[in-house]
Amino acid sequence: MKEPLSREAMATRVGIELEDGFYVNLGIGMPMLVAEHILPGRRVLFQAENGVLGVGPYPSEDAIDPDLGNAGDQDITLVPGACTFDSIISFGMIVGGHLDVTVLGAFQVSAKGDLANWKLPQRTVGSYGGAMDLAVGAKRVIALMQHVTRDGDPRVVTSCSYPLTAPQCVSMIVTDLAVIDVLPEGLLLREVAPGWTAAEVQERTEAPLIVDRVKEWKTI
């Protein structure tokens, strides 16, 4: 049985997209792994919506500062030159279009780039967080997610059946099977995971894929 890519491999692929000097916000969960997979020589400043610009790596157990945390209540460190500020300034930074990229987890992404990541239909409550502001405020939105659900249902769909976070905001989808660009003409299958074919990815994707320019998965 073929194996999909690991979470670390997915995070590494997203890291390739982050250019030197970018200001980037990482969503809670798997997107947080991207911070550990930036290409050598590139300096990327990570923003946390609770009011930090210049989030560093996770601290060791003996270096935890109870006053330093991200929006997911995780312990963090600060890189040299980092700054902190209140949430009003932070969200002004987000909705003002000052972030180059945000990487967000997703339950579903549609053929038009609609994003659904805050609530599952079977749950009575969801998690708003800052995703709605990030989805419409960042210059580029990358959705990082598993290609199918645990039940094998596609997450890349023709139209989202889950409540939307924001419409037509996603520009790239990175999954454990593929890299997909969201274009005006449709979903371009850009890369497939090693050992997988375009046809196999399409079988696991509800929305039709453009497959005339498929390349090998990029690695460092």
# chains A, B, ... in the order shown; residues from 1 in each chain; ligands from 1
call {"tool": "residues_around", "arguments": {"residues": "segment 37-47 of chain A", "least_positions_apart": "2", "cutoff": "7 Å", "atoms": "only C-alpha atoms", "output": "PyMOL selection string"}}
result
chain A and resi 11-12+15-16+19-25+34-35+49+52-55
call {"tool": "write_last_selection", "arguments": {"atoms": "N, CA and C atoms", "output": "short mmCIF file (atom, residue, chain, number, x, y, z; two decimals), in the first residue's frame"}}
result
data_model
loop_
_atom_site.label_atom_id
_atom_site.label_comp_id
_atom_site.auth_asym_id
_atom_site.auth_seq_id
_atom_site.Cartn_x
_atom_site.Cartn_y
_atom_site.Cartn_z
N ALA A 11 5.46 20.04 5.57
CA ALA A 11 5.92 21.32 6.11
C ALA A 11 7.15 21.81 5.36
N THR A 12 8.05 20.87 5.02
CA THR A 12 9.24 21.24 4.26
C THR A 12 8.87 21.81 2.90
N GLY A 15 7.77 25.27 3.30
CA GLY A 15 8.91 26.12 3.61
C GLY A 15 9.64 26.62 2.38
N ILE A 16 9.64 25.84 1.32
CA ILE A 16 10.28 26.25 0.07
C ILE A 16 9.61 27.51 -0.50
N GLU A 19 9.99 33.09 1.05
CA GLU A 19 11.18 33.78 0.57
C GLU A 19 11.87 34.55 1.69
N ASP A 20 13.13 34.88 1.44
CA ASP A 20 13.91 35.67 2.39
C ASP A 20 13.23 37.02 2.62
N GLY A 21 13.06 37.38 3.90
CA GLY A 21 12.46 38.66 4.24
C GLY A 21 10.94 38.65 4.36
N PHE A 22 10.32 37.49 4.15
CA PHE A 22 8.86 37.40 4.24
C PHE A 22 8.39 37.55 5.68
N TYR A 23 7.20 38.14 5.83
CA TYR A 23 6.46 38.17 7.09
C TYR A 23 5.36 37.13 6.97
N VAL A 24 5.33 36.17 7.89
CA VAL A 24 4.48 34.99 7.73
C VAL A 24 3.75 34.67 9.03
N ASN A 25 2.48 34.29 8.89
CA ASN A 25 1.71 33.80 10.03
C ASN A 25 1.42 32.32 9.80
N VAL A 34 6.02 24.34 9.90
CA VAL A 34 6.72 25.00 8.80
C VAL A 34 7.89 25.83 9.32
N ALA A 35 7.76 26.38 10.51
CA ALA A 35 8.83 27.24 11.06
C ALA A 35 10.15 26.49 11.21
N GLU A 49 -0.76 36.17 16.05
CA GLU A 49 -1.81 37.19 16.09
C GLU A 49 -2.12 37.72 17.48
N VAL A 52 2.97 39.23 18.42
CA VAL A 52 4.42 39.01 18.34
C VAL A 52 4.85 39.04 16.88
N LEU A 53 5.94 39.72 16.59
CA LEU A 53 6.58 39.63 15.28
C LEU A 53 8.03 39.25 15.53
N GLY A 54 8.40 38.05 15.07
CA GLY A 54 9.73 37.52 15.33
C GLY A 54 9.68 36.33 16.27
N VAL A 55 8.71 35.43 16.02
CA VAL A 55 8.60 34.23 16.83
C VAL A 55 9.75 33.29 16.51
#
call {"tool": "residues_around", "arguments": {"residues": "Gln74 of chain A", "least_positions_apart": "6", "cutoff": "12 Å", "atoms": "only C-alpha atoms", "output": "MDAnalysis selection string"}}
result
chainID A and resid 28:29 32 48 50 55:59 64:68
call {"tool": "closest_residue", "arguments": {"among": "A:Asp133, A:Glu191, A:Asp151, A:Asp181", "to": "Pro167 of chain A", "atoms": "only C-alpha atoms"}}
result
A:Asp133
call {"tool": "atom_distance", "arguments": {"atom1": "atom CA of Phe107 of chain A", "atom2": "atom CA of Arg155 of chain A"}}
result
6.3 Å
call {"tool": "residues_around", "arguments": {"residues": "Trp196 of chain A", "least_positions_apart": "2", "cutoff": "12 Å", "atoms": "only C-alpha atoms", "output": "list in words"}}
result
Met1, Lys2, Glu3, Pro4, Leu5, Asp176, Leu177, Ala178, Glu191, Val192, Ala193, Pro194, Ala198, Ala199, Glu200, Val201, Gln202, Glu203, Arg204, Val214, Lys215, Glu216 and Trp217 of chain A
call {"tool": "write_last_selection", "arguments": {"atoms": "N, CA, C and O atoms", "output": "PDB file, in the first residue's frame"}}
result
ATOM      1  N   MET A   1       0.840  -1.198   0.000  1.00  0.00           N
ATOM      2  CA  MET A   1       0.000   0.000   0.000  1.00  0.00           C
ATOM      3  C   MET A   1       0.879   1.252   0.000  1.00  0.00           C
ATOM      4  O   MET A   1       1.840   1.342   0.754  1.00  0.00           O
ATOM      5  N   LYS A   2       0.558   2.196  -0.863  1.00  0.00           N
ATOM      6  CA  LYS A   2       1.337   3.421  -0.940  1.00  0.00           C
ATOM      7  C   LYS A   2       1.117   4.274   0.298  1.00  0.00           C
ATOM      8  O   LYS A   2       0.010   4.362   0.827  1.00  0.00           O
ATOM      9  N   GLU A   3       2.186   4.917   0.713  1.00  0.00           N
ATOM     10  CA  GLU A   3       2.106   5.780   1.888  1.00  0.00           C
ATOM     11  C   GLU A   3       2.097   7.242   1.458  1.00  0.00           C
ATOM     12  O   GLU A   3       2.884   7.640   0.594  1.00  0.00           O
ATOM     13  N   PRO A   4       1.220   8.049   2.047  1.00  0.00           N
ATOM     14  CA  PRO A   4       1.279   9.498   1.792  1.00  0.00           C
ATOM     15  C   PRO A   4       2.487  10.093   2.483  1.00  0.00           C
ATOM     16  O   PRO A   4       3.158   9.444   3.296  1.00  0.00           O
ATOM     17  N   LEU A   5       2.777  11.330   2.174  1.00  0.00           N
ATOM     18  CA  LEU A   5       3.918  12.015   2.768  1.00  0.00           C
ATOM     19  C   LEU A   5       3.694  12.293   4.252  1.00  0.00           C
ATOM     20  O   LEU A   5       2.563  12.432   4.718  1.00  0.00           O
ATOM     21  N   ASP A 176      -0.668  15.758   1.624  1.00  0.00           N
ATOM     22  CA  ASP A 176       0.269  14.646   1.708  1.00  0.00           C
ATOM     23  C   ASP A 176       0.376  13.876   0.402  1.00  0.00           C
ATOM     24  O   ASP A 176       1.139  12.906   0.316  1.00  0.00           O
ATOM     25  N   LEU A 177      -0.346  14.318  -0.635  1.00  0.00           N
ATOM     26  CA  LEU A 177      -0.276  13.681  -1.950  1.00  0.00           C
ATOM     27  C   LEU A 177       0.137  14.623  -3.071  1.00  0.00           C
ATOM     28  O   LEU A 177       0.630  14.165  -4.104  1.00  0.00           O
ATOM     29  N   ALA A 178      -0.063  15.933  -2.884  1.00  0.00           N
ATOM     30  CA  ALA A 178       0.109  16.823  -4.031  1.00  0.00           C
ATOM     31  C   ALA A 178       0.288  18.276  -3.625  1.00  0.00           C
ATOM     32  O   ALA A 178      -0.010  18.672  -2.497  1.00  0.00           O
ATOM     33  N   GLU A 191       2.413  19.365  -8.532  1.00  0.00           N
ATOM     34  CA  GLU A 191       3.347  18.311  -8.164  1.00  0.00           C
ATOM     35  C   GLU A 191       2.591  17.169  -7.497  1.00  0.00           C
ATOM     36  O   GLU A 191       1.557  17.393  -6.860  1.00  0.00           O
ATOM     37  N   VAL A 192       3.114  15.961  -7.653  1.00  0.00           N
ATOM     38  CA  VAL A 192       2.561  14.804  -6.950  1.00  0.00           C
ATOM     39  C   VAL A 192       3.642  14.228  -6.038  1.00  0.00           C
ATOM     40  O   VAL A 192       4.843  14.338  -6.306  1.00  0.00           O
ATOM     41  N   ALA A 193       3.217  13.605  -4.959  1.00  0.00           N
ATOM     42  CA  ALA A 193       4.152  13.001  -4.024  1.00  0.00           C
ATOM     43  C   ALA A 193       4.897  11.849  -4.691  1.00  0.00           C
ATOM     44  O   ALA A 193       4.363  11.204  -5.602  1.00  0.00           O
ATOM     45  N   PRO A 194       6.126  11.597  -4.274  1.00  0.00           N
ATOM     46  CA  PRO A 194       6.903  10.507  -4.871  1.00  0.00           C
ATOM     47  C   PRO A 194       6.144   9.182  -4.832  1.00  0.00           C
ATOM     48  O   PRO A 194       5.599   8.792  -3.794  1.00  0.00           O
ATOM     49  N   ALA A 198      -0.694  11.259 -11.213  1.00  0.00           N
ATOM     50  CA  ALA A 198      -1.748  12.268 -11.313  1.00  0.00           C
ATOM     51  C   ALA A 198      -3.126  11.618 -11.264  1.00  0.00           C
ATOM     52  O   ALA A 198      -4.060  12.151 -10.651  1.00  0.00           O
ATOM     53  N   ALA A 199      -3.261  10.459 -11.899  1.00  0.00           N
ATOM     54  CA  ALA A 199      -4.554   9.764 -11.909  1.00  0.00           C
ATOM     55  C   ALA A 199      -4.957   9.338 -10.498  1.00  0.00           C
ATOM     56  O   ALA A 199      -6.135   9.436 -10.120  1.00  0.00           O
ATOM     57  N   GLU A 200      -4.000   8.880  -9.711  1.00  0.00           N
ATOM     58  CA  GLU A 200      -4.311   8.461  -8.345  1.00  0.00           C
ATOM     59  C   GLU A 200      -4.711   9.651  -7.473  1.00  0.00           C
ATOM     60  O   GLU A 200      -5.592   9.534  -6.610  1.00  0.00           O
ATOM     61  N   VAL A 201      -4.069  10.790  -7.703  1.00  0.00           N
ATOM     62  CA  VAL A 201      -4.450  11.996  -6.965  1.00  0.00           C
ATOM     63  C   VAL A 201      -5.850  12.437  -7.372  1.00  0.00           C
ATOM     64  O   VAL A 201      -6.675  12.794  -6.520  1.00  0.00           O
ATOM     65  N   GLN A 202      -6.150  12.389  -8.655  1.00  0.00           N
ATOM     66  CA  GLN A 202      -7.486  12.785  -9.117  1.00  0.00           C
ATOM     67  C   GLN A 202      -8.569  11.879  -8.527  1.00  0.00           C
ATOM     68  O   GLN A 202      -9.661  12.346  -8.186  1.00  0.00           O
ATOM     69  N   GLU A 203      -8.283  10.599  -8.380  1.00  0.00           N
ATOM     70  CA  GLU A 203      -9.247   9.669  -7.795  1.00  0.00           C
ATOM     71  C   GLU A 203      -9.631  10.073  -6.378  1.00  0.00           C
ATOM     72  O   GLU A 203     -10.735   9.776  -5.926  1.00  0.00           O
ATOM     73  N   ARG A 204      -8.727  10.739  -5.704  1.00  0.00           N
ATOM     74  CA  ARG A 204      -8.954  11.136  -4.317  1.00  0.00           C
ATOM     75  C   ARG A 204      -9.331  12.607  -4.198  1.00  0.00           C
ATOM     76  O   ARG A 204      -9.320  13.161  -3.098  1.00  0.00           O
ATOM     77  N   VAL A 214       2.283  18.610 -14.689  1.00  0.00           N
ATOM     78  CA  VAL A 214       2.665  18.008 -13.416  1.00  0.00           C
ATOM     79  C   VAL A 214       4.174  17.805 -13.359  1.00  0.00           C
ATOM     80  O   VAL A 214       4.795  17.337 -14.310  1.00  0.00           O
ATOM     81  N   LYS A 215       4.774  18.166 -12.215  1.00  0.00           N
ATOM     82  CA  LYS A 215       6.209  18.020 -12.021  1.00  0.00           C
ATOM     83  C   LYS A 215       6.476  17.149 -10.795  1.00  0.00           C
ATOM     84  O   LYS A 215       5.559  16.803 -10.038  1.00  0.00           O
ATOM     85  N   GLU A 216       7.724  16.798 -10.601  1.00  0.00           N
ATOM     86  CA  GLU A 216       8.113  16.044  -9.432  1.00  0.00           C
ATOM     87  C   GLU A 216       8.053  16.930  -8.184  1.00  0.00           C
ATOM     88  O   GLU A 216       8.238  18.144  -8.253  1.00  0.00           O
ATOM     89  N   TRP A 217       7.794  16.303  -7.062  1.00  0.00           N
ATOM     90  CA  TRP A 217       7.720  17.008  -5.789  1.00  0.00           C
ATOM     91  C   TRP A 217       9.051  17.683  -5.476  1.00  0.00           C
ATOM     92  O   TRP A 217      10.109  17.063  -5.540  1.00  0.00           O
TER      93      TRP A 217
END
call {"tool": "select_by_dssp", "arguments": {"residues": "chain A", "states": "strand (DSSP E)", "output": "ChimeraX atom specification"}}
result
/A:23-26,45-48,52-55,78-84,101-105,108-110,115-116,141-144,156-157,172-174,178-183,186-192,209-210,215-216
call {"tool": "closest_residue", "arguments": {"among": "A:Val182, A:Arg213, A:Thr165, A:Gly69", "to": "Ser127 of chain A", "atoms": "only C-alpha atoms"}}
result
A:Thr165
call {"tool": "select_by_dssp", "arguments": {"residues": "chain A", "states": "helix (DSSP H, G or I)", "output": "ChimeraX atom specification"}}
result
/A:7-16,30-36,61-63,87-95,131-137,198-203
